[in-house]
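Okay, so here's the structure we're looking at.
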Amino acid sequence: MCKLSEKILSIEESATLAMARKSREMRESGKEIINLSLGEPDFNTPSFIKEAAKNAIDENYSKYTPVPGYKELLEVISHKFKRDNNIIYDPSQIVCSTGAKQSIAQLMMVLLNKDDEVILPAPYWVSYKQMIKLADGKPIVIDTNLDNDFKITASQLSNSITSKTKAFLFSSPCNPSGSVYSKYELEEIGNVLKKHKNITIISDEIYEHINFRNKHFSIGELESLKNQVVTVNGLSKGFAMTGWRLGYIGAPQKIANACIKMQGQITSATCSITQRAAITALKHDPIYPRKMCESFKLRRNLIVNELSKIEKIKINKPDGAFYVFPDVSNFFGSHYKNIKIKNSEDLSMFLLTNSGVATVSGNAFGNDNCIRISYAASEAEIIKACKLIKNSLERLA
Ligand code: PMP
Ligand code: GLU
């Protein structure tokens with residue numbers, strides 16, 4: 001029997017995808033499951049984007065594309081960065097990939113040597129830590145909690161920097177906490193990092209359009225960080241296009257070139273049809289994402305309201321994305337029949353088996369006191385799920 005690499009054996013399975021698989025299997029076996037585990041919009045891709053894809057098929061966009069993407073797409077993304085984020089990236093500084101997931105994994109591979117450190121505020125998106133490990137790097141985690149809105153301070157960041165720090169990787173709006181760093185907070189973070197020009201800032205802005213408080217602010221907009229910021233984005237969340245697989249970066253030229261070189265050896269490029277559809281999606285003002293954001297805001301209010309009714313759950317009101325990240329540590333040490341709840345994973349499993357609601361345990365995101373609940377679901381499902389969660393939690397003694 002073949003022996004797998006130490007690398008693959010050392011990383012964990014994606015907890016979000018594992019939970020989605022588990023709930024799919026339970027559903028197939030006839031159980032009624034409300035799946036609030038996976039982070040994907042429940043809306044359909046807008047028709048005008050679907051039309052563009054159909055036309056691309058008919059017009060025979062069926063050949064290999066340039067590795068970073070069609071020239072027209074790179075120009076449209078360059079324009080989008082200027083229009084929406086006030087950042088200048090030349091089309092040559094843009095690389096499209098099969099999702100922001102590949103974009104970030106690729107960045108880790110082109111930036112890190114063995115034991116290079118990447119600073120990661122926790123809670124962080126599940127895949128970041130494993131991607132750093134796959135690239136032989138070392139995640140340096142900064143902890144936060146519900147009381148500080150799951151956000152790091154500039155001094156925490158400053159204290160985590162060493163001579164081995166290669167990158168700072170974060171998402172705002174954040175998956176899983178939904179927290180959004182304000183312009184002022186990003187300026188404070190920028191004031192620390194501008195003194196360390198060898199540190200690359202990787203700003204994952206895939207939830208840019210799902211911001212309930214302010215207009216999105218990109219750290220790459222700060223003049224003092226010029227040539228230090230890689231901005232990551234994609235179509236999955238803003239345009240309900242998770243299955244189409246298009247993510248992109250705007251990056252300092254040297255990093256963009258390295259990603260193109262890497263991508264040329266592993267995937268060539270993302271799908272030609274998706275790229276044509278992306279040109280249409282990104283060309284116009286983001287009216288559709290704004291509409292989706294309004295729905296998510298109503299659902300955010302609903303789920304925070306419903307979960308706040310549960311005694312012992314601690315919850316804040318996140319400003320963006322479509323997740324809540326309640327602290328459930330008050331339930332640790334309690335039982336139901338022969339089930340004992342010791343940590344977030346036990347609690348998330350208990351909710352799946354006892355109430356039929358799929359969530360993701362916080363430990364996968366670097367915070368074992370919490371669980372992640374996605375509210376990219378209908379209002380009826382959210383209300384029902386919260387009732388089921390409440391009933392199950394009341395059984396714990
Ligand atoms: N970053 C964050 C913070 C995410 O939540 C996701 C979710 N899929 C991704 C990146 C990857 O997105 P995709 O690969 O679908 O573009
Ligand atoms: N990003 C989404 C999530 O966090 C999709 C799943 C994944 O890509 O891991 O649930």
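Residues are referred to by chain and number: the chain letter is A, B, ... according to the order shown in the structure tokens, the number counts from 1 in that chain, and ligands are numbered separately from 1 in the order shown.
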Exercise. What are the DSSP strand (DSSP E or B) residues of segment 85-227 of chain A, as an NGL selection string?
Worked result: :A and (94-97 or 117-121 or 138-142 or 165-171 or 200-204 or 211)
Give me the residues of chain A that have any atom at most 10 Å from an atom of ligand 2; for each, the nearest atom pair and the distance in Å, rounded to one decimal. Use only C-alpha atoms and all ligand atoms, sort by chain and number, and format it as a tab-separated table.
residue	atom	partner	partner_atom_place_in_ligand_line	distance
A:Glu13	CA	ligand 2	9 (O)	9.7
A:Ser14	CA	ligand 2	9 (O)	6.0
A:Ala15	CA	ligand 2	9 (O)	7.2
A:Thr16	CA	ligand 2	10 (O)	4.9
A:Leu17	CA	ligand 2	9 (O)	5.5
A:Ala18	CA	ligand 2	9 (O)	8.8
A:Met19	CA	ligand 2	10 (O)	9.3
A:Ala20	CA	ligand 2	6 (C)	8.4
A:Leu36	CA	ligand 2	10 (O)	9.2
A:Ser37	CA	ligand 2	10 (O)	6.5
A:Leu38	CA	ligand 2	10 (O)	4.0
A:Gly39	CA	ligand 2	10 (O)	3.4
A:Glu40	CA	ligand 2	5 (C)	6.1
A:Pro41	CA	ligand 2	2 (C)	9.6
A:Gly99	CA	ligand 2	8 (O)	8.9
A:Ala100	CA	ligand 2	8 (O)	8.9
A:Lys101	CA	ligand 2	8 (O)	6.9
A:Tyr124	CA	ligand 2	4 (O)	9.9
A:Trp125	CA	ligand 2	4 (O)	6.5
A:Val126	CA	ligand 2	9 (O)	6.7
A:Ser127	CA	ligand 2	9 (O)	6.6
A:Tyr128	CA	ligand 2	9 (O)	10.0
A:Asn175	CA	ligand 2	4 (O)	6.6
A:Pro176	CA	ligand 2	4 (O)	7.2
A:Ile206	CA	ligand 2	1 (N)	9.3
A:Ser236	CA	ligand 2	1 (N)	8.8
A:Lys237	CA	ligand 2	1 (N)	8.7
A:Thr242	CA	ligand 2	5 (C)	8.0
A:Phe322	CA	ligand 2	10 (O)	10.0
A:Tyr323	CA	ligand 2	4 (O)	9.3
A:Thr359	CA	ligand 2	10 (O)	9.8
A:Val360	CA	ligand 2	10 (O)	8.6
A:Phe365	CA	ligand 2	4 (O)	9.5
A:Arg372	CA	ligand 2	10 (O)	9.2
A:Ile373	CA	ligand 2	10 (O)	9.6
A:Ser374	CA	ligand 2	10 (O)	7.9
For this session: Extract, using only C-alpha atoms, all DNA, RNA and protein residues at most 8 Å from Phe217 of chain A, discarding same-chain residues fewer than 6 positions from it, and format them as a PyMOL selection string.
Result: chain A and resi 85+182-183
Please produce an output containing C-alpha atoms for each residue in the selection, written as a short mmCIF file (atom, residue, chain, number, x, y, z; two decimals), in the first residue's frame.
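Listing of result18.cif after writing:
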data_model
loop_
_atom_site.label_atom_id
_atom_site.label_comp_id
_atom_site.auth_asym_id
_atom_site.auth_seq_id
_atom_site.Cartn_x
_atom_site.Cartn_y
_atom_site.Cartn_z
CA ASN A 85 -11.56 50.32 -3.59
CA SER A 182 -13.12 50.37 10.51
CA LYS A 183 -10.99 52.74 8.44
#
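Coordinates place atom CA of Tyr288 of chain A at a distance of 27.2 Å from atom CA of Val229 of chain A.
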Problem set entry | Close residues, segment 324-328 of chain A itself excluded, 10 Å, only C-alpha atoms, min 2 positions apart in chain, as an MDAnalysis selection string | chainID A and resid 123 145:146 150 175:179 300 303:304 307:308 312:322 330:332 343:344 347:348 360:362 367:375 393
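Atom CA of Thr270 of chain A is found 12.5 Å from atom CA of Tyr61 of chain A.
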Write out as a PDB file with C-alpha atoms, in the first residue's frame which residues come within 12 Å of Val95 of chain A when counting only C-alpha atoms, dropping same-chain ones fewer than 3 positions away.
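Output saved as out.pdb:
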ATOM      1  CA  PRO A  66      -3.845  33.236 -20.751  1.00  0.00           C
ATOM      2  CA  VAL A  67      -2.702  32.008 -17.306  1.00  0.00           C
ATOM      3  CA  PRO A  68      -3.738  35.114 -15.283  1.00  0.00           C
ATOM      4  CA  GLY A  69      -6.993  35.489 -17.275  1.00  0.00           C
ATOM      5  CA  TYR A  70      -8.280  37.135 -20.457  1.00  0.00           C
ATOM      6  CA  LYS A  71      -6.761  40.586 -21.030  1.00  0.00           C
ATOM      7  CA  LEU A  73     -10.992  40.577 -17.614  1.00  0.00           C
ATOM      8  CA  LEU A  74      -7.728  41.866 -16.125  1.00  0.00           C
ATOM      9  CA  GLU A  75      -8.622  45.346 -17.386  1.00  0.00           C
ATOM     10  CA  ILE A  77     -10.715  44.028 -12.526  1.00  0.00           C
ATOM     11  CA  SER A  78      -8.111  46.795 -12.589  1.00  0.00           C
ATOM     12  CA  TYR A  89      -3.374  47.838  -9.719  1.00  0.00           C
ATOM     13  CA  ASP A  90      -2.234  47.686 -13.322  1.00  0.00           C
ATOM     14  CA  PRO A  91      -3.852  44.800 -15.288  1.00  0.00           C
ATOM     15  CA  SER A  92      -0.415  43.108 -15.232  1.00  0.00           C
ATOM     16  CA  THR A  98     -10.169  29.043  -9.517  1.00  0.00           C
ATOM     17  CA  GLY A  99     -11.488  30.839  -6.453  1.00  0.00           C
ATOM     18  CA  ALA A 100     -10.000  33.032  -3.760  1.00  0.00           C
ATOM     19  CA  GLN A 102      -6.559  28.989  -4.781  1.00  0.00           C
ATOM     20  CA  SER A 103      -5.395  32.610  -4.848  1.00  0.00           C
ATOM     21  CA  ILE A 104      -4.496  32.481  -1.143  1.00  0.00           C
ATOM     22  CA  GLN A 106      -0.824  30.130  -4.167  1.00  0.00           C
ATOM     23  CA  LEU A 107       0.277  33.249  -2.310  1.00  0.00           C
ATOM     24  CA  VAL A 230      -2.183  41.981  -1.864  1.00  0.00           C
ATOM     25  CA  THR A 231      -5.950  42.423  -2.149  1.00  0.00           C
ATOM     26  CA  VAL A 232      -7.872  39.166  -2.557  1.00  0.00           C
ATOM     27  CA  ASN A 233     -11.408  39.057  -3.883  1.00  0.00           C
ATOM     28  CA  GLY A 234     -13.701  36.892  -5.985  1.00  0.00           C
ATOM     29  CA  LEU A 246     -13.333  32.715  -9.866  1.00  0.00           C
ATOM     30  CA  GLY A 247     -11.085  34.481  -7.381  1.00  0.00           C
ATOM     31  CA  TYR A 248      -8.508  37.155  -8.087  1.00  0.00           C
ATOM     32  CA  ILE A 249      -5.704  39.156  -6.563  1.00  0.00           C
ATOM     33  CA  GLY A 250      -4.223  42.560  -7.141  1.00  0.00           C
ATOM     34  CA  ALA A 251      -0.612  42.373  -5.997  1.00  0.00           C
ATOM     35  CA  PRO A 252       2.818  43.971  -6.169  1.00  0.00           C
ATOM     36  CA  GLN A 253       4.226  43.038  -9.592  1.00  0.00           C
ATOM     37  CA  LYS A 254       6.838  40.612  -8.264  1.00  0.00           C
ATOM     38  CA  ILE A 255       4.210  38.632  -6.334  1.00  0.00           C
ATOM     39  CA  ALA A 256       1.735  38.670  -9.240  1.00  0.00           C
ATOM     40  CA  ASN A 257       4.432  37.320 -11.564  1.00  0.00           C
ATOM     41  CA  ALA A 258       5.300  34.565  -9.084  1.00  0.00           C
ATOM     42  CA  CYS A 259       1.633  33.537  -8.793  1.00  0.00           C
ATOM     43  CA  ILE A 260       1.339  33.399 -12.588  1.00  0.00           C
ATOM     44  CA  LYS A 261       4.422  31.172 -12.705  1.00  0.00           C
ATOM     45  CA  MET A 262       3.001  28.894 -10.002  1.00  0.00           C
ATOM     46  CA  GLN A 263      -0.468  28.767 -11.569  1.00  0.00           C
ATOM     47  CA  GLY A 264       1.043  27.967 -14.950  1.00  0.00           C
ATOM     48  CA  SER A 268      -3.132  26.819 -16.146  1.00  0.00           C
ATOM     49  CA  ALA A 269      -6.031  29.194 -15.546  1.00  0.00           C
ATOM     50  CA  THR A 270      -9.630  29.230 -14.412  1.00  0.00           C
ATOM     51  CA  GLN A 275     -14.022  34.415 -17.076  1.00  0.00           C
TER      52      GLN A 275
END
Seminar exercise, completed: Of A:Lys7, A:Lys283, A:His335, A:Arg290, the one nearest to Glu208 of chain A when counting only C-alpha atoms is A:Arg290
Exercise. Which residue out of A:Thr200, A:Ser334, A:Ser272, A:Asn55 has the minimum interatomic distance to Phe170 of chain A when only C-alpha atoms are used?
Worked result: A:Thr200
For this session: Enumerate as a ChimeraX atom specification all residues of segment 128-351 of chain A assigned to helix (DSSP H, G or I) by DSSP on the backbone, naming them with the chain letters and numbers the document uses.
Result: /A:128-134,146-148,154-160,183-193,219-221,223-225,253-266,272-283,287-308,329-331,344-351
Problem set entry | Shell around Lys297 of chain A at 9 Å using only C-alpha atoms, local window under 2 positions removed, as a list in words | Ile210, Asn211, Phe212, Met292, Cys293, Glu294, Ser295, Arg299, Arg300, Asn301, Leu302, Asp319, Gly320 and Phe322 of chain A
Mind dumping the selected residues with N, CA and C atoms as a tab-separated table (two decimals), in the first residue's frame?
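out.tsv was written with the following content:
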chain	number	residue	atom	x	y	z
A	210	ILE	N	-20.73	42.70	1.61
A	210	ILE	CA	-21.68	42.37	2.67
A	210	ILE	C	-21.22	43.06	3.96
A	211	ASN	N	-21.45	44.36	3.95
A	211	ASN	CA	-21.01	45.24	5.04
A	211	ASN	C	-22.23	46.09	5.43
A	212	PHE	N	-22.71	45.91	6.68
A	212	PHE	CA	-23.98	46.54	7.07
A	212	PHE	C	-23.82	47.94	7.63
A	292	MET	N	-28.37	42.07	-2.28
A	292	MET	CA	-28.19	40.88	-1.44
A	292	MET	C	-27.83	41.29	-0.03
A	293	CYS	N	-27.02	42.34	0.06
A	293	CYS	CA	-26.55	42.81	1.37
A	293	CYS	C	-27.75	43.25	2.23
A	294	GLU	N	-28.72	43.90	1.59
A	294	GLU	CA	-29.91	44.33	2.35
A	294	GLU	C	-30.63	43.13	2.95
A	295	SER	N	-30.76	42.05	2.18
A	295	SER	CA	-31.41	40.84	2.71
A	295	SER	C	-30.61	40.25	3.85
A	299	ARG	N	-31.59	39.41	7.86
A	299	ARG	CA	-31.39	38.08	8.45
A	299	ARG	C	-30.43	38.15	9.64
A	300	ARG	N	-29.42	39.02	9.53
A	300	ARG	CA	-28.50	39.20	10.66
A	300	ARG	C	-29.29	39.65	11.90
A	301	ASN	N	-30.18	40.66	11.68
A	301	ASN	CA	-30.97	41.15	12.81
A	301	ASN	C	-31.83	40.04	13.38
A	302	LEU	N	-32.41	39.25	12.49
A	302	LEU	CA	-33.30	38.17	12.92
A	302	LEU	C	-32.54	37.13	13.74
A	319	ASP	N	-20.97	43.14	11.95
A	319	ASP	CA	-21.25	44.19	10.98
A	319	ASP	C	-21.20	43.73	9.53
A	320	GLY	N	-20.81	42.46	9.29
A	320	GLY	CA	-20.71	42.06	7.89
A	320	GLY	C	-20.67	40.56	7.71
A	322	PHE	N	-21.91	36.78	6.41
A	322	PHE	CA	-23.23	36.22	6.76
A	322	PHE	C	-23.10	35.11	7.79
For this session: Write out as a PyMOL selection string which residues come within 9 Å of Ile383 of chain A when counting only C-alpha atoms, dropping same-chain ones fewer than 3 positions away.
Result: chain A and resi 302-303+306+378-380+386-388
Next, write the just-selected residues to a file, as an mmCIF file, in the first residue's frame, keeping N, CA, C and O atoms as the atom set.
data_model
loop_
_atom_site.group_PDB
_atom_site.id
_atom_site.type_symbol
_atom_site.label_atom_id
_atom_site.label_comp_id
_atom_site.auth_asym_id
_atom_site.auth_seq_id
_atom_site.Cartn_x
_atom_site.Cartn_y
_atom_site.Cartn_z
ATOM 1 N N LEU A 302 -32.412 39.254 12.487
ATOM 2 C CA LEU A 302 -33.303 38.170 12.915
ATOM 3 C C LEU A 302 -32.539 37.128 13.742
ATOM 4 O O LEU A 302 -32.961 36.764 14.858
ATOM 5 N N ILE A 303 -31.425 36.670 13.238
ATOM 6 C CA ILE A 303 -30.726 35.566 13.930
ATOM 7 C C ILE A 303 -30.133 36.049 15.255
ATOM 8 O O ILE A 303 -30.187 35.326 16.262
ATOM 9 N N GLU A 306 -33.025 36.162 17.663
ATOM 10 C CA GLU A 306 -33.506 34.822 18.075
ATOM 11 C C GLU A 306 -32.505 34.152 19.012
ATOM 12 O O GLU A 306 -32.890 33.577 20.029
ATOM 13 N N SER A 378 -33.057 31.041 4.299
ATOM 14 C CA SER A 378 -34.293 31.835 4.311
ATOM 15 C C SER A 378 -34.669 32.209 5.747
ATOM 16 O O SER A 378 -34.238 31.561 6.708
ATOM 17 N N GLU A 379 -35.505 33.250 5.880
ATOM 18 C CA GLU A 379 -35.915 33.688 7.221
ATOM 19 C C GLU A 379 -36.644 32.568 7.950
ATOM 20 O O GLU A 379 -36.465 32.356 9.149
ATOM 21 N N ALA A 380 -37.451 31.809 7.191
ATOM 22 C CA ALA A 380 -38.203 30.709 7.817
ATOM 23 C C ALA A 380 -37.242 29.663 8.371
ATOM 24 O O ALA A 380 -37.413 29.164 9.484
ATOM 25 N N CYS A 386 -33.267 28.297 14.875
ATOM 26 C CA CYS A 386 -33.025 28.881 16.208
ATOM 27 C C CYS A 386 -33.907 28.215 17.258
ATOM 28 O O CYS A 386 -33.479 27.978 18.391
ATOM 29 N N LYS A 387 -35.137 27.895 16.887
ATOM 30 C CA LYS A 387 -36.052 27.212 17.834
ATOM 31 C C LYS A 387 -35.495 25.838 18.168
ATOM 32 O O LYS A 387 -35.468 25.423 19.331
ATOM 33 N N LEU A 388 -35.053 25.122 17.122
ATOM 34 C CA LEU A 388 -34.506 23.772 17.340
ATOM 35 C C LEU A 388 -33.247 23.830 18.202
ATOM 36 O O LEU A 388 -33.053 23.009 19.108
#
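Closest to Phe296 of chain A among A:Phe350, A:Ile189, A:Lys22, A:His209 is A:His209, based on only C-alpha atoms.
Closest approach to ligand 1 among A:Ala135, A:Leu169, A:Ala277, A:Ile87 is made by A:Leu169 (distances from only C-alpha atoms and all ligand atoms).
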For this session: Find the residue from A:Val192, A:Leu235, A:Ile219, A:Leu282 that sits nearest to ligand 1; use only C-alpha atoms and all ligand atoms when measuring.
Result: A:Leu235
Exercise. How far is it from atom CA of Leu222 of chain A to atom CA of Ile201 of chain A, in Å with one decimal?
Worked result: 11.8 Å
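Shortest separation to Asp285 of chain A among A:Asp84, A:Glu12, A:Glu72, A:Glu28 occurs at residue A:Asp84, atoms counted being only C-alpha atoms.
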